[in-house]
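Engineer: Sharing model04.txt (compact mmCIF, C-alpha atoms) below.
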```
# COMPACT_ATOMS: atom_id res chain seq x y z
CA MET A 13 -39.75 37.50 15.88
CA THR A 14 -41.64 34.44 14.73
CA LYS A 15 -45.24 33.74 15.68
CA ARG A 16 -44.07 30.93 17.94
CA ASN A 17 -41.71 33.28 19.82
CA ARG A 18 -44.47 35.86 20.14
CA ILE A 19 -46.82 33.30 21.67
CA ILE A 20 -44.09 32.08 24.04
CA ASN A 21 -43.36 35.67 25.16
CA ILE A 22 -47.05 36.32 25.78
CA LEU A 23 -47.41 33.11 27.79
CA ARG A 24 -44.28 33.92 29.84
CA GLY A 25 -45.65 37.38 30.54
CA VAL A 26 -49.05 36.09 31.64
CA LEU A 27 -47.43 33.43 33.84
CA SER A 28 -45.19 36.05 35.44
CA ILE A 29 -48.19 38.30 36.14
CA LEU A 30 -50.00 35.38 37.78
CA LEU A 31 -46.93 34.65 39.94
CA ALA A 32 -46.72 38.31 40.95
CA LEU A 33 -50.38 38.34 41.94
CA LEU A 34 -49.78 35.18 43.96
CA LEU A 35 -46.95 36.98 45.77
CA ILE A 36 -49.25 39.87 46.65
CA VAL A 37 -52.05 37.56 47.85
CA ILE A 38 -49.82 35.38 50.06
CA PRO A 39 -48.36 37.64 52.77
CA ASN A 40 -46.52 34.88 54.64
CA GLY A 41 -43.68 33.10 52.92
CA GLY A 42 -43.45 35.69 50.18
CA LEU A 43 -39.68 36.09 50.45
CA THR A 44 -39.15 32.37 50.07
CA LEU A 45 -41.40 32.31 47.03
CA VAL A 46 -39.54 35.27 45.50
CA LEU A 47 -36.24 33.47 45.93
CA PHE A 48 -37.75 30.32 44.47
CA ILE A 49 -38.90 32.28 41.40
CA ILE A 50 -35.49 33.94 40.96
CA GLY A 51 -33.64 30.67 41.53
CA ILE A 52 -35.72 28.68 39.07
CA GLY A 53 -35.55 31.49 36.50
CA LEU A 54 -31.76 31.77 36.69
CA THR A 55 -31.31 28.00 36.61
CA LEU A 56 -33.53 27.65 33.54
CA LYS A 57 -31.72 30.55 31.84
CA GLY A 58 -28.38 28.84 32.57
CA ILE A 59 -29.58 25.52 31.16
CA GLN A 60 -31.00 27.27 28.09
CA THR A 61 -27.72 29.13 27.51
CA LEU A 62 -25.68 25.96 27.92
CA LEU A 63 -27.90 24.12 25.46
CA TYR A 64 -27.46 26.99 23.03
CA TYR A 65 -23.70 26.75 23.48
CA PHE A 66 -23.55 23.01 22.87
CA SER A 67 -25.86 23.19 19.85
CA ILE A 68 -24.66 26.29 17.97
CA ALA A 69 -22.50 28.75 19.89
CA ARG A 70 -19.42 26.57 20.28
CA HIS A 71 -18.79 27.01 16.55
CA MET A 72 -19.22 30.79 16.68
CA VAL A 73 -16.82 33.61 17.42
CA ASP A 74 -16.83 34.27 21.19
CA GLY A 75 -18.69 31.01 21.74
CA LYS A 76 -16.78 30.47 24.98
CA LEU A 77 -18.35 33.66 26.30
CA VAL A 78 -21.77 32.01 25.89
CA LEU A 79 -20.45 29.01 27.83
CA CYS A 80 -19.25 31.25 30.66
CA GLN A 81 -22.59 33.09 30.76
CA GLY A 82 -24.47 29.79 30.94
CA LEU A 83 -22.30 28.55 33.78
CA ILE A 84 -22.70 31.83 35.70
CA PHE A 85 -26.49 31.80 35.30
CA LEU A 86 -26.65 28.16 36.40
CA ASP A 87 -24.40 28.84 39.39
CA LEU A 88 -26.41 31.90 40.47
CA GLY A 89 -29.66 29.97 40.14
CA MET A 90 -28.41 27.12 42.28
CA PHE A 91 -26.98 29.59 44.83
CA THR A 92 -30.28 31.46 45.01
CA SER A 93 -32.19 28.22 45.54
CA SER A 94 -29.83 27.21 48.34
CA ILE A 95 -30.25 30.39 50.46
CA ALA A 96 -34.04 30.17 50.75
CA ASP A 97 -33.96 29.18 54.43
CA ASN A 98 -31.70 32.03 55.65
CA PRO A 99 -32.76 35.05 57.70
CA ALA A 100 -35.05 37.60 56.07
CA GLY A 101 -32.48 40.43 56.09
CA PHE A 102 -30.12 38.53 53.82
CA LEU A 103 -32.96 37.64 51.49
CA ILE A 104 -34.10 41.25 51.24
CA ALA A 105 -30.56 42.41 50.45
CA TYR A 106 -30.23 39.71 47.80
CA ILE A 107 -33.54 40.66 46.14
CA ALA A 108 -32.53 44.33 46.16
CA ALA A 109 -29.14 43.45 44.65
CA VAL A 110 -30.80 41.48 41.84
CA ASP A 111 -33.16 44.40 41.09
CA ALA A 112 -30.32 46.94 41.20
CA PHE A 113 -28.12 44.83 38.91
CA THR A 114 -30.97 44.33 36.44
CA GLY A 115 -31.61 48.07 36.42
CA LEU A 116 -27.94 48.92 35.94
CA VAL A 117 -27.56 46.51 33.03
CA SER A 118 -30.74 47.84 31.41
CA ILE A 119 -29.61 51.46 31.75
CA LEU A 120 -26.19 50.68 30.30
CA HIS A 121 -27.83 48.77 27.44
CA SER A 122 -30.14 51.72 26.76
CA LEU A 123 -27.22 54.14 26.61
CA GLU A 124 -25.46 51.88 24.12
CA SER A 125 -28.64 51.60 22.06
CA ASN A 126 -28.98 55.39 22.09
CA ARG A 127 -25.43 55.75 20.74
CA ASN A 128 -26.31 53.31 17.95
CA GLY A 129 -29.40 55.31 16.99
CA SER A 130 -32.04 52.84 18.14
CA LEU A 131 -35.44 54.15 19.17
CA LYS A 132 -35.92 51.33 21.70
CA TRP A 133 -33.46 52.86 24.15
CA ARG A 134 -36.22 54.79 25.95
CA TYR A 135 -38.03 51.59 26.98
CA ASP A 136 -34.82 50.05 28.28
CA PHE A 137 -33.90 53.23 30.14
CA ILE A 138 -37.32 53.49 31.81
CA PHE A 139 -37.19 49.78 32.71
CA GLY A 140 -33.75 50.30 34.26
CA LEU A 141 -34.92 53.30 36.28
CA VAL A 142 -37.97 51.40 37.53
CA SER A 143 -35.77 48.44 38.52
CA MET A 144 -33.36 50.70 40.41
CA LEU A 145 -36.30 52.43 42.14
CA LEU A 146 -37.72 49.05 43.13
CA ALA A 147 -34.36 48.05 44.60
CA VAL A 148 -34.46 51.14 46.80
CA ILE A 149 -38.06 50.41 47.83
CA VAL A 150 -37.15 46.81 48.68
CA LEU A 151 -34.29 48.03 50.90
CA ILE A 152 -36.43 50.68 52.61
CA GLY A 153 -39.34 48.30 53.13
CA GLY A 154 -37.14 45.55 54.49
CA PHE A 155 -34.58 47.37 56.60
CA VAL A 156 -36.04 50.78 57.50
CA LEU A 157 -39.72 49.88 57.88
CA LYS A 158 -38.96 46.30 59.02
CA ARG A 159 -41.78 44.99 56.83
CA PRO A 160 -40.70 42.25 54.44
CA TYR A 161 -44.16 42.31 52.85
CA VAL A 162 -43.40 45.76 51.39
CA SER A 163 -40.29 44.27 49.77
CA VAL A 164 -42.30 41.37 48.36
CA CYS A 165 -44.94 43.73 46.96
CA ALA A 166 -42.24 45.91 45.38
CA TYR A 167 -40.70 42.84 43.76
CA ALA A 168 -44.15 41.72 42.58
CA PHE A 169 -44.75 45.15 41.04
CA GLY A 170 -41.43 44.89 39.23
CA LEU A 171 -42.38 41.45 37.97
CA ILE A 172 -45.72 42.77 36.68
CA TYR A 173 -43.98 45.71 34.99
CA SER A 174 -41.42 43.41 33.38
CA SER A 175 -44.18 41.07 32.20
CA VAL A 176 -46.20 43.88 30.66
CA MET A 177 -43.07 45.08 28.82
CA GLN A 178 -42.46 41.53 27.57
CA ILE A 179 -46.05 41.20 26.33
CA THR A 180 -45.92 44.58 24.58
CA SER A 181 -42.63 43.65 22.91
CA ALA A 182 -44.33 40.55 21.52
CA PHE A 183 -46.78 42.79 19.65
CA ARG A 184 -44.13 45.24 18.42
CA ARG A 185 -43.25 45.06 14.74
CA ASN A 186 -39.78 43.97 13.68
CA ALA A 187 -37.53 46.37 11.85
CA ILE A 188 -35.55 43.51 10.32
CA VAL A 189 -36.29 42.36 6.80
CA TYR A 190 -36.18 38.59 6.48
CA ILE A 191 -35.04 37.08 3.17
CA ALA A 192 -36.37 33.61 2.58
```
Starting from the file, lay out its structure as structure tokens.

Structural biologist:
Amino acid sequence: MTKRNRIINILRGVLSILLALLLIVIPNGGLTLVLFIIGIGLTLKGIQTLLYYFSIARHMVDGKLVLCQGLIFLDLGMFTSSIADNPAGFLIAYIAAVDAFTGLVSILHSLESNRNGSLKWRYDFIFGLVSMLLAVIVLIGGFVLKRPYVSVCAYAFGLIYSSVMQITSAFRRNAIVYIA
């Protein structure tokens, strides 16, 4: 990872922590703000992936897969931004689904990394378990306890945890030898 990428990861992590603290401080309108954060994040990821496709990936093997991923991220981001004014129950289910999917993907990635002999699989596995646990807490807080604020706080905690992991990964040494 270059110094520039390390600085960008640290800034993203700090910005995410500030957004999570803002979610905790603002009790009203927290669900709308969560969906705004998810929607903007997915839209930006889709645009970034599409730019990557049009600049480099279209000449690579499986470049069309990158195009499909970019379109899916962009579509999910725009969908998320469009449902911000729906009832709270639907929003809570959507936030829980995003957390559960993130956790599932992280756990599957950690199992693959473990098979390949990587030592990083433990971090991915723990992150996946925490994301799945947060999805359950979001569902319980929103539907069982009927308190959307519990769901927002659980999402904010997940955002803080993810940000701390991103910041720590910026300080981790690379195992790749670069040849200049």

Engineer: CA of Gln178 in chain A to CA of Val164 in chain A: how many Å, to one decimal?

Structural biologist: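 These two atoms are separated by 20.8 Å.
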
Engineer: If you count all atoms listed in the file, which residues fall within 12 Å of Phe169 in chain A, apart from same-chain ones fewer than 3 positions away, as a list of chain:residue names?

Structural biologist: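 Counting all atoms listed in the file, the residues come to A:Ser28, A:Ile29, A:Leu30, A:Leu31, A:Ala32, A:Leu33, A:Leu34, A:Leu35, A:Ile36, A:Asp111, A:Val142, A:Ser143, A:Leu145, A:Leu146, A:Ala147, A:Ile149, A:Val150, A:Val162, A:Ser163, A:Val164, A:Cys165, A:Ala166, A:Ile172, A:Tyr173, A:Ser174, A:Ser175, A:Val176.
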
Engineer: With C-alpha atoms kept, could you save the residues just selected as a CSV table (one decimal), in the frame of the given file?

Structural biologist:
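File produced: selection.csv:
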```csv
chain,number,residue,atom,x,y,z
A,28,SER,CA,-45.2,36.0,35.4
A,29,ILE,CA,-48.2,38.3,36.1
A,30,LEU,CA,-50.0,35.4,37.8
A,31,LEU,CA,-46.9,34.6,39.9
A,32,ALA,CA,-46.7,38.3,41.0
A,33,LEU,CA,-50.4,38.3,41.9
A,34,LEU,CA,-49.8,35.2,44.0
A,35,LEU,CA,-47.0,37.0,45.8
A,36,ILE,CA,-49.2,39.9,46.6
A,111,ASP,CA,-33.2,44.4,41.1
A,142,VAL,CA,-38.0,51.4,37.5
A,143,SER,CA,-35.8,48.4,38.5
A,145,LEU,CA,-36.3,52.4,42.1
A,146,LEU,CA,-37.7,49.0,43.1
A,147,ALA,CA,-34.4,48.0,44.6
A,149,ILE,CA,-38.1,50.4,47.8
A,150,VAL,CA,-37.2,46.8,48.7
A,162,VAL,CA,-43.4,45.8,51.4
A,163,SER,CA,-40.3,44.3,49.8
A,164,VAL,CA,-42.3,41.4,48.4
A,165,CYS,CA,-44.9,43.7,47.0
A,166,ALA,CA,-42.2,45.9,45.4
A,172,ILE,CA,-45.7,42.8,36.7
A,173,TYR,CA,-44.0,45.7,35.0
A,174,SER,CA,-41.4,43.4,33.4
A,175,SER,CA,-44.2,41.1,32.2
A,176,VAL,CA,-46.2,43.9,30.7
```

Engineer: Name the closest residue to Pro160 in chain A among the candidates A:Ile104, A:Ser67, A:Val26, A:Leu45; distances are taken between atoms, counting all atoms listed in the file.

Structural biologist: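 Distance minimum relative to Pro160 in chain A lands on A:Ile104.
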
Engineer: Counting all atoms listed in the file, what is within 12 Å of range 79-86 of chain A, bar same-chain residues fewer than 4 positions away, as an NGL selection string?

Structural biologist: :A and (50-75 or 90-93)

Engineer: Rank A:Val110, A:Ile179, A:Leu157, A:Ile138 by their smallest atom-to-atom distance to Leu123 in chain A, using all atoms listed in the file, and report the top residue only.

Structural biologist: A:Ile138

Engineer: Can I get range 15-49 of chain A with N, CA and C atoms filled in, as a compact mmCIF listing (two decimals), in the coordinates of the input?

Structural biologist:
```txt
# COMPACT_ATOMS: atom_id res chain seq x y z
N LYS A 15 -43.97 33.84 14.96
CA LYS A 15 -45.24 33.74 15.68
C LYS A 15 -45.10 32.88 16.92
N ARG A 16 -44.29 31.83 16.80
CA ARG A 16 -44.07 30.93 17.94
C ARG A 16 -43.40 31.69 19.09
N ASN A 17 -42.39 32.50 18.78
CA ASN A 17 -41.71 33.28 19.82
C ASN A 17 -42.63 34.32 20.43
N ARG A 18 -43.51 34.89 19.60
CA ARG A 18 -44.47 35.86 20.14
C ARG A 18 -45.42 35.20 21.13
N ILE A 19 -45.90 34.02 20.78
CA ILE A 19 -46.82 33.30 21.67
C ILE A 19 -46.11 32.91 22.97
N ILE A 20 -44.86 32.46 22.85
CA ILE A 20 -44.09 32.08 24.04
C ILE A 20 -43.87 33.30 24.94
N ASN A 21 -43.54 34.46 24.35
CA ASN A 21 -43.36 35.67 25.16
C ASN A 21 -44.64 36.09 25.85
N ILE A 22 -45.77 35.97 25.16
CA ILE A 22 -47.05 36.32 25.78
C ILE A 22 -47.36 35.37 26.93
N LEU A 23 -47.15 34.08 26.73
CA LEU A 23 -47.41 33.11 27.79
C LEU A 23 -46.48 33.32 28.99
N ARG A 24 -45.21 33.62 28.73
CA ARG A 24 -44.28 33.92 29.84
C ARG A 24 -44.74 35.14 30.61
N GLY A 25 -45.18 36.16 29.89
CA GLY A 25 -45.65 37.38 30.54
C GLY A 25 -46.88 37.14 31.40
N VAL A 26 -47.83 36.39 30.87
CA VAL A 26 -49.05 36.09 31.64
C VAL A 26 -48.72 35.25 32.86
N LEU A 27 -47.83 34.26 32.71
CA LEU A 27 -47.43 33.43 33.84
C LEU A 27 -46.72 34.26 34.91
N SER A 28 -45.87 35.19 34.48
CA SER A 28 -45.19 36.05 35.44
C SER A 28 -46.17 36.96 36.18
N ILE A 29 -47.18 37.47 35.47
CA ILE A 29 -48.19 38.30 36.14
C ILE A 29 -48.96 37.48 37.16
N LEU A 30 -49.30 36.25 36.83
CA LEU A 30 -50.00 35.38 37.78
C LEU A 30 -49.13 35.10 39.01
N LEU A 31 -47.84 34.86 38.81
CA LEU A 31 -46.93 34.65 39.94
C LEU A 31 -46.83 35.90 40.81
N ALA A 32 -46.79 37.07 40.18
CA ALA A 32 -46.72 38.31 40.95
C ALA A 32 -47.99 38.52 41.77
N LEU A 33 -49.13 38.22 41.19
CA LEU A 33 -50.38 38.34 41.94
C LEU A 33 -50.43 37.35 43.09
N LEU A 34 -49.87 36.17 42.88
CA LEU A 34 -49.78 35.18 43.96
C LEU A 34 -48.89 35.70 45.09
N LEU A 35 -47.82 36.39 44.75
CA LEU A 35 -46.95 36.98 45.77
C LEU A 35 -47.70 38.03 46.60
N ILE A 36 -48.52 38.82 45.94
CA ILE A 36 -49.25 39.87 46.65
C ILE A 36 -50.32 39.26 47.55
N VAL A 37 -50.96 38.18 47.10
CA VAL A 37 -52.05 37.56 47.85
C VAL A 37 -51.53 36.81 49.07
N ILE A 38 -50.38 36.17 48.95
CA ILE A 38 -49.82 35.38 50.06
C ILE A 38 -48.85 36.24 50.85
N PRO A 39 -49.26 36.79 52.00
CA PRO A 39 -48.36 37.64 52.77
C PRO A 39 -47.25 36.86 53.48
N ASN A 40 -47.53 35.67 53.93
CA ASN A 40 -46.52 34.88 54.64
C ASN A 40 -45.77 34.00 53.64
N GLY A 41 -44.48 33.93 53.80
CA GLY A 41 -43.68 33.10 52.92
C GLY A 41 -43.40 33.72 51.57
N GLY A 42 -43.66 35.02 51.45
CA GLY A 42 -43.45 35.69 50.18
C GLY A 42 -41.99 35.77 49.78
N LEU A 43 -41.11 36.00 50.76
CA LEU A 43 -39.68 36.09 50.45
C LEU A 43 -39.15 34.76 49.93
N THR A 44 -39.59 33.68 50.53
CA THR A 44 -39.15 32.37 50.07
C THR A 44 -39.64 32.10 48.66
N LEU A 45 -40.87 32.50 48.37
CA LEU A 45 -41.40 32.31 47.03
C LEU A 45 -40.67 33.18 46.01
N VAL A 46 -40.31 34.40 46.39
CA VAL A 46 -39.54 35.27 45.50
C VAL A 46 -38.20 34.63 45.17
N LEU A 47 -37.52 34.12 46.18
CA LEU A 47 -36.24 33.47 45.93
C LEU A 47 -36.40 32.21 45.10
N PHE A 48 -37.48 31.50 45.30
CA PHE A 48 -37.75 30.32 44.47
C PHE A 48 -37.93 30.72 43.01
N ILE A 49 -38.67 31.80 42.77
CA ILE A 49 -38.90 32.28 41.40
C ILE A 49 -37.57 32.70 40.76
```
